[in-house]
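Novice: A single structure is presented below for examination.
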Amino acid sequence: MTRYWRENEWHDADFLPMSPTDRGLTHGLGLFETILAIDGSPALLDRHIARMLASCDRLGWNNPLPHNIRSAIITQLAAAKLDRGRARVRLAISAGSGPLASPSIGPDHLVWITVSRTEDPPASITICKAPFDHPSHSFLAGMKSASYANNLLALNDARQRGFDDAVFLNEKNLICETTTSNIFGVMDNTLHYPPDDTGCLPGITRSQIIELAAKNDIQTSATSLTESDLMGCNEVFITSAIRGPVRVSRYESTQYSQTTITDKLREMWQQAVTADATRN
């Protein structure tokens with residue numbers, strides 16, 4: 001189910017009435033957030049909105065979001081009969097028409113929300129090395145950009161090889177993120193994660209996991225990890241807004257069997273997102 005915002009009103013849509021010159025459609029000039037909903041209410045929505053608005057500010061868009069995003073999402077989930085269990089909410093902005101040499105937002109830009117049922121996360125996944133790197137110096141680094149073709153191509157390559165996801169290294173051969181998630185590794189009872197300057201997305205679940213670890217006496221470290229470091233970890237897991245922390249059972253040919261810290265953090269994450277959704 002999809003609804004879009006135009007002329008100060010939400011509209012139901014089987015399709016989006018986009019201009020053929022919308023730069024989100026033609027060139028990927030847009031932003032999106034993927035948000036977990038529990039029993040009809042979005043979890044950690046304030047954090048998602050803050051990240052999206054920070055990206056809007058970098059693009060010079062000010063704030064194109066309507067003020068009633070939360071109520072619109074809740075209404076849409078109820079209308080789609082997704083007010084029980086887990087659901088996936090996608091909030092997106094497309095830049096609209098405008099000059100190609102300017103990233104400015106156009107008067108016909110679109111904001112839209114799509115909701116759908118989501119499956120329970122897998123118990124574990126396997127990951128491999130992506131076939132190309134993820135440049136840390138890109139202007140889009142750290143933004144959840146609609147320019148997502150690199151991620152999809154790397155994900156397809158992983159699936160063709162029999163893996164679930166692929167890990168991007170940056171141009172310095174440092175671990176960055178996977179095609180869909182952030183990544184963590186446990187070594188010497190310390191939770192390590194790639195720092196922002198690797199070019200990774202500052203994930204909502206990533207930041208929450210770091211906070212939960214610190215509050216529960218789990219040592220954390222922003223560490224520039226090499227592929228060798230990743231292979232030397234005792235535990236590896238990935239994080240995303242919809243699935244939360246998910247254990248990695250294998251990277252290429254390296255197997256991981258320990259799950260102690262991963263299991264603890266997943267339980268804490270589940271409690272935290274459920275409490276936040278209930279609060280809304």
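We name chains A, B, ... following the order of the structure tokens; residues begin at 1 in each chain, and ligands are numbered from 1 as shown.
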Neighbouring residues of Gly244 of chain A were defined as those with any atom within 9 Å, considering only C-alpha atoms; residues of the same chain fewer than 5 positions away were excluded. Please report them as JSON, numbers by chain.
Specialist: {"A": [121, 205, 206, 238, 239, 266, 269, 270]}
Novice: Give me the residues within 8 Å of segment 190-203 of chain A as a ChimeraX atom specification, counting only C-alpha atoms and dropping any in the same chain fewer than 3 places off.
Specialist: /A:134-138,141-144,170,174-177,181-187,206-207,218-225,240-241
Novice: What does the file look like for those residues with N, CA and C atoms, as a JSON list (two decimals), in the first residue's frame?
Specialist:
[["chain", "number", "residue", "atom", "x", "y", "z"],
["A", 134, "HIS", "N", 33.64, 0.55, -1.97],
["A", 134, "HIS", "CA", 32.66, 1.57, -1.57],
["A", 134, "HIS", "C", 33.46, 2.80, -1.16],
["A", 135, "PRO", "N", 33.56, 3.82, -2.02],
["A", 135, "PRO", "CA", 34.46, 4.95, -1.72],
["A", 135, "PRO", "C", 34.03, 5.75, -0.50],
["A", 136, "SER", "N", 34.98, 5.96, 0.40],
["A", 136, "SER", "CA", 34.67, 6.68, 1.63],
["A", 136, "SER", "C", 34.51, 8.17, 1.39],
["A", 137, "HIS", "N", 35.06, 8.69, 0.28],
["A", 137, "HIS", "CA", 35.06, 10.13, 0.04],
["A", 137, "HIS", "C", 33.87, 10.60, -0.80],
["A", 138, "SER", "N", 32.97, 9.69, -1.17],
["A", 138, "SER", "CA", 31.80, 10.09, -1.96],
["A", 138, "SER", "C", 30.93, 11.08, -1.18],
["A", 141, "ALA", "N", 28.31, 9.33, 0.77],
["A", 141, "ALA", "CA", 28.68, 8.49, 1.91],
["A", 141, "ALA", "C", 27.98, 8.99, 3.16],
["A", 142, "GLY", "N", 27.41, 8.08, 3.91],
["A", 142, "GLY", "CA", 26.70, 8.44, 5.14],
["A", 142, "GLY", "C", 25.27, 8.86, 4.94],
["A", 143, "MET", "N", 24.80, 8.86, 3.68],
["A", 143, "MET", "CA", 23.40, 9.22, 3.38],
["A", 143, "MET", "C", 22.67, 7.99, 2.87],
["A", 144, "LYS", "N", 21.39, 7.88, 3.22],
["A", 144, "LYS", "CA", 20.58, 6.78, 2.69],
["A", 144, "LYS", "C", 19.97, 7.26, 1.38],
["A", 170, "ASN", "N", 36.30, -0.29, 1.53],
["A", 170, "ASN", "CA", 36.47, 1.00, 0.87],
["A", 170, "ASN", "C", 37.78, 1.02, 0.08],
["A", 174, "LEU", "N", 39.49, -1.16, 3.87],
["A", 174, "LEU", "CA", 38.93, -1.26, 5.22],
["A", 174, "LEU", "C", 37.47, -1.67, 5.13],
["A", 175, "ILE", "N", 37.04, -2.49, 6.07],
["A", 175, "ILE", "CA", 35.64, -2.93, 6.11],
["A", 175, "ILE", "C", 34.74, -1.70, 6.28],
["A", 176, "CYS", "N", 33.69, -1.64, 5.47],
["A", 176, "CYS", "CA", 32.78, -0.49, 5.50],
["A", 176, "CYS", "C", 31.40, -0.91, 6.03],
["A", 177, "GLU", "N", 30.69, -1.71, 5.26],
["A", 177, "GLU", "CA", 29.33, -2.14, 5.59],
["A", 177, "GLU", "C", 28.94, -3.24, 4.61],
["A", 181, "SER", "N", 23.26, -3.47, 5.31],
["A", 181, "SER", "CA", 23.36, -3.41, 6.77],
["A", 181, "SER", "C", 24.71, -2.88, 7.21],
["A", 182, "ASN", "N", 24.78, -2.51, 8.49],
["A", 182, "ASN", "CA", 26.05, -2.26, 9.14],
["A", 182, "ASN", "C", 26.61, -3.58, 9.67],
["A", 183, "ILE", "N", 27.89, -3.57, 10.03],
["A", 183, "ILE", "CA", 28.54, -4.81, 10.45],
["A", 183, "ILE", "C", 29.34, -4.58, 11.72],
["A", 184, "PHE", "N", 29.35, -5.58, 12.60],
["A", 184, "PHE", "CA", 30.08, -5.57, 13.86],
["A", 184, "PHE", "C", 30.89, -6.85, 13.98],
["A", 185, "GLY", "N", 31.99, -6.75, 14.70],
["A", 185, "GLY", "CA", 32.78, -7.94, 15.01],
["A", 185, "GLY", "C", 33.19, -7.92, 16.47],
["A", 186, "VAL", "N", 33.27, -9.10, 17.09],
["A", 186, "VAL", "CA", 33.67, -9.23, 18.48],
["A", 186, "VAL", "C", 35.05, -9.88, 18.54],
["A", 187, "MET", "N", 36.01, -9.17, 19.14],
["A", 187, "MET", "CA", 37.36, -9.69, 19.39],
["A", 187, "MET", "C", 37.76, -9.31, 20.81],
["A", 206, "ARG", "N", 22.58, 0.52, 14.22],
["A", 206, "ARG", "CA", 24.01, 0.57, 14.60],
["A", 206, "ARG", "C", 24.20, 1.46, 15.82],
["A", 207, "SER", "N", 23.69, 2.68, 15.76],
["A", 207, "SER", "CA", 23.88, 3.61, 16.88],
["A", 207, "SER", "C", 23.18, 3.10, 18.14],
["A", 218, "ILE", "N", 29.38, -3.61, 27.95],
["A", 218, "ILE", "CA", 30.05, -4.29, 26.86],
["A", 218, "ILE", "C", 30.99, -3.28, 26.21],
["A", 219, "GLN", "N", 32.26, -3.57, 26.21],
["A", 219, "GLN", "CA", 33.26, -2.64, 25.66],
["A", 219, "GLN", "C", 33.05, -2.47, 24.16],
["A", 220, "THR", "N", 33.09, -1.21, 23.69],
["A", 220, "THR", "CA", 32.93, -0.94, 22.27],
["A", 220, "THR", "C", 34.12, -0.16, 21.73],
["A", 221, "SER", "N", 34.35, -0.29, 20.42],
["A", 221, "SER", "CA", 35.47, 0.44, 19.81],
["A", 221, "SER", "C", 35.17, 0.69, 18.34],
["A", 222, "ALA", "N", 35.26, 1.96, 17.92],
["A", 222, "ALA", "CA", 35.22, 2.29, 16.50],
["A", 222, "ALA", "C", 36.59, 1.96, 15.93],
["A", 223, "THR", "N", 36.65, 0.90, 15.12],
["A", 223, "THR", "CA", 37.93, 0.33, 14.71],
["A", 223, "THR", "C", 38.00, 0.22, 13.19],
["A", 224, "SER", "N", 39.12, 0.65, 12.63],
["A", 224, "SER", "CA", 39.34, 0.48, 11.19],
["A", 224, "SER", "C", 39.72, -0.98, 10.94],
["A", 225, "LEU", "N", 38.75, -1.78, 10.57],
["A", 225, "LEU", "CA", 38.92, -3.22, 10.44],
["A", 225, "LEU", "C", 39.37, -3.61, 9.04],
["A", 240, "SER", "N", 20.32, -3.99, 10.88],
["A", 240, "SER", "CA", 19.48, -3.14, 10.03],
["A", 240, "SER", "C", 18.21, -2.82, 10.80],
["A", 241, "ALA", "N", 17.50, -1.80, 10.35],
["A", 241, "ALA", "CA", 16.32, -1.34, 11.08],
["A", 241, "ALA", "C", 15.23, -2.41, 11.14]]
Novice: Show which residues sit within 7 Å of Ser116 of chain A, as JSON, numbers by chain. Count only C-alpha atoms, and ignore same-chain residues fewer than 3 positions away.
Specialist: {"A": [1, 87, 88, 89]}
Novice: Create the file for the chosen residues now, containing N, CA and C atoms and written as an mmCIF file, in the first residue's frame.
Specialist:
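Done, and the output landed in again-v1.cif:
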data_model
loop_
_atom_site.group_PDB
_atom_site.id
_atom_site.type_symbol
_atom_site.label_atom_id
_atom_site.label_comp_id
_atom_site.auth_asym_id
_atom_site.auth_seq_id
_atom_site.Cartn_x
_atom_site.Cartn_y
_atom_site.Cartn_z
ATOM 1 N N MET A 1 0.846 -1.188 0.000
ATOM 2 C CA MET A 1 0.000 0.000 0.000
ATOM 3 C C MET A 1 0.882 1.239 0.000
ATOM 4 N N ALA A 87 5.948 -5.014 10.510
ATOM 5 C CA ALA A 87 5.742 -4.484 9.157
ATOM 6 C C ALA A 87 6.924 -3.607 8.776
ATOM 7 N N ARG A 88 7.058 -3.409 7.476
ATOM 8 C CA ARG A 88 8.140 -2.598 6.921
ATOM 9 C C ARG A 88 7.540 -1.303 6.364
ATOM 10 N N VAL A 89 8.060 -0.185 6.806
ATOM 11 C CA VAL A 89 7.625 1.129 6.332
ATOM 12 C C VAL A 89 8.780 1.750 5.553
#
Novice: Could you work out how far atom CA of Ala54 of chain A lies from atom CA of Thr114 of chain A, giving the answer in Å with one decimal?
Specialist: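 So the two atoms, atom CA of Thr114 of chain A and atom CA of Ala54 of chain A, lie 21.5 Å apart.
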Novice: Name the residues in contact with Cys56 of chain A at a cut-off of 12 Å, using only C-alpha atoms, excluding same-chain residues fewer than 5 positions from it; report them as a PyMOL selection string.
Specialist: chain A and resi 29-32+49-51+61-65+92-95+103-105+140+143-145
Novice: Find the residues of segment 5-57 of chain A that sit at most 10 Å from segment 70-75 of chain A; for each, write down the nearest two atoms and how far apart they are in Å, to one decimal. Count only C-alpha atoms. Sort by chain, then by number going up, and give it as a tab-separated table.
Specialist:
residue	atom	partner	partner_atom	distance
A:Trp5	CA	A:Ala72	CA	10.0
A:Trp10	CA	A:Ala72	CA	8.0
A:Ala37	CA	A:Ile74	CA	8.9
A:Asp39	CA	A:Ile74	CA	9.6
A:Gly40	CA	A:Ile74	CA	6.0
A:Ser41	CA	A:Ile74	CA	5.7
A:Pro42	CA	A:Ile74	CA	7.4
A:Leu45	CA	A:Arg70	CA	7.6
A:Asp46	CA	A:Arg70	CA	9.1
A:Ile49	CA	A:Arg70	CA	9.9
Novice: Grab the residues selected above and save them as a PDB file, in the first residue's frame with C-alpha atoms.
Specialist:
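Resulting contents of out_4.pdb:
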ATOM      1  CA  TRP A   5       2.099  13.756  -0.188  1.00  0.00           C
ATOM      2  CA  TRP A  10      -1.960  12.637   1.566  1.00  0.00           C
ATOM      3  CA  ALA A  37       6.689  -1.072  12.673  1.00  0.00           C
ATOM      4  CA  ASP A  39       1.727  -3.715  16.067  1.00  0.00           C
ATOM      5  CA  GLY A  40       0.896  -0.762  13.853  1.00  0.00           C
ATOM      6  CA  SER A  41       3.349   1.770  15.272  1.00  0.00           C
ATOM      7  CA  PRO A  42       6.774   2.816  13.917  1.00  0.00           C
ATOM      8  CA  LEU A  45      10.852   7.066  14.036  1.00  0.00           C
ATOM      9  CA  ASP A  46      12.388  10.188  15.598  1.00  0.00           C
ATOM     10  CA  ILE A  49      13.457  11.453  10.678  1.00  0.00           C
TER      11      ILE A  49
END
Novice: So that I can check the secondary structure, give me every residue of segment 69-194 of chain A assigned helix (DSSP H, G or I) by backbone DSSP, as a count of residues only.
Specialist: 23
Novice: Quick one: residues within 8 Å of Ser19 of chain A, only C-alpha atoms counted, chain neighbours fewer than 3 positions away excluded, as a PyMOL selection string?
Specialist: chain A and resi 22+96-97+108
Novice: Give me the residues near Ala272 of chain A as an MDAnalysis selection string, where near means some atom within 12 Å (using only C-alpha atoms) and where sequence neighbours in that chain fewer than 2 positions away do not count.
Specialist: chainID A and resid 38 43:44 205 208:209 211:212 244 265:270 274:279
Novice: When you count only C-alpha atoms, which of these residues is closest to Gly98 of chain A: A:Thr26, A:Leu169, A:Ala78, A:Ile204?
Specialist: A:Thr26
Novice: Take atom CA of Ile125 of chain A and atom CA of Val248 of chain A and report the distance between them in Å, one decimal.
Specialist: 5.0 Å
Novice: For the structure I just gave you, how does DSSP split segment 21-261 of chain A - specifically, which residues are strand (DSSP E)? Reply as JSON, numbers by chain.
Specialist: {"A": [30, 31, 32, 33, 34, 35, 36, 37, 38, 41, 42, 86, 87, 88, 89, 90, 91, 92, 93, 94, 110, 111, 112, 113, 114, 115, 116, 117, 124, 125, 126, 127, 128, 129, 165, 166, 167, 168, 169, 175, 176, 177, 178, 182, 183, 184, 185, 186, 187, 190, 191, 192, 193, 219, 220, 221, 222, 235, 236, 237, 238, 239, 240, 244, 245, 246, 247, 248, 249, 250, 251, 254, 255]}
Novice: Kindly indicate which residue among A:Leu77, A:Ala158, A:Ala213, A:Val273 lies nearest to Cys128 of chain A, using only C-alpha atoms for the distances.
Specialist: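 Nearest to Cys128 of chain A: A:Ala158.
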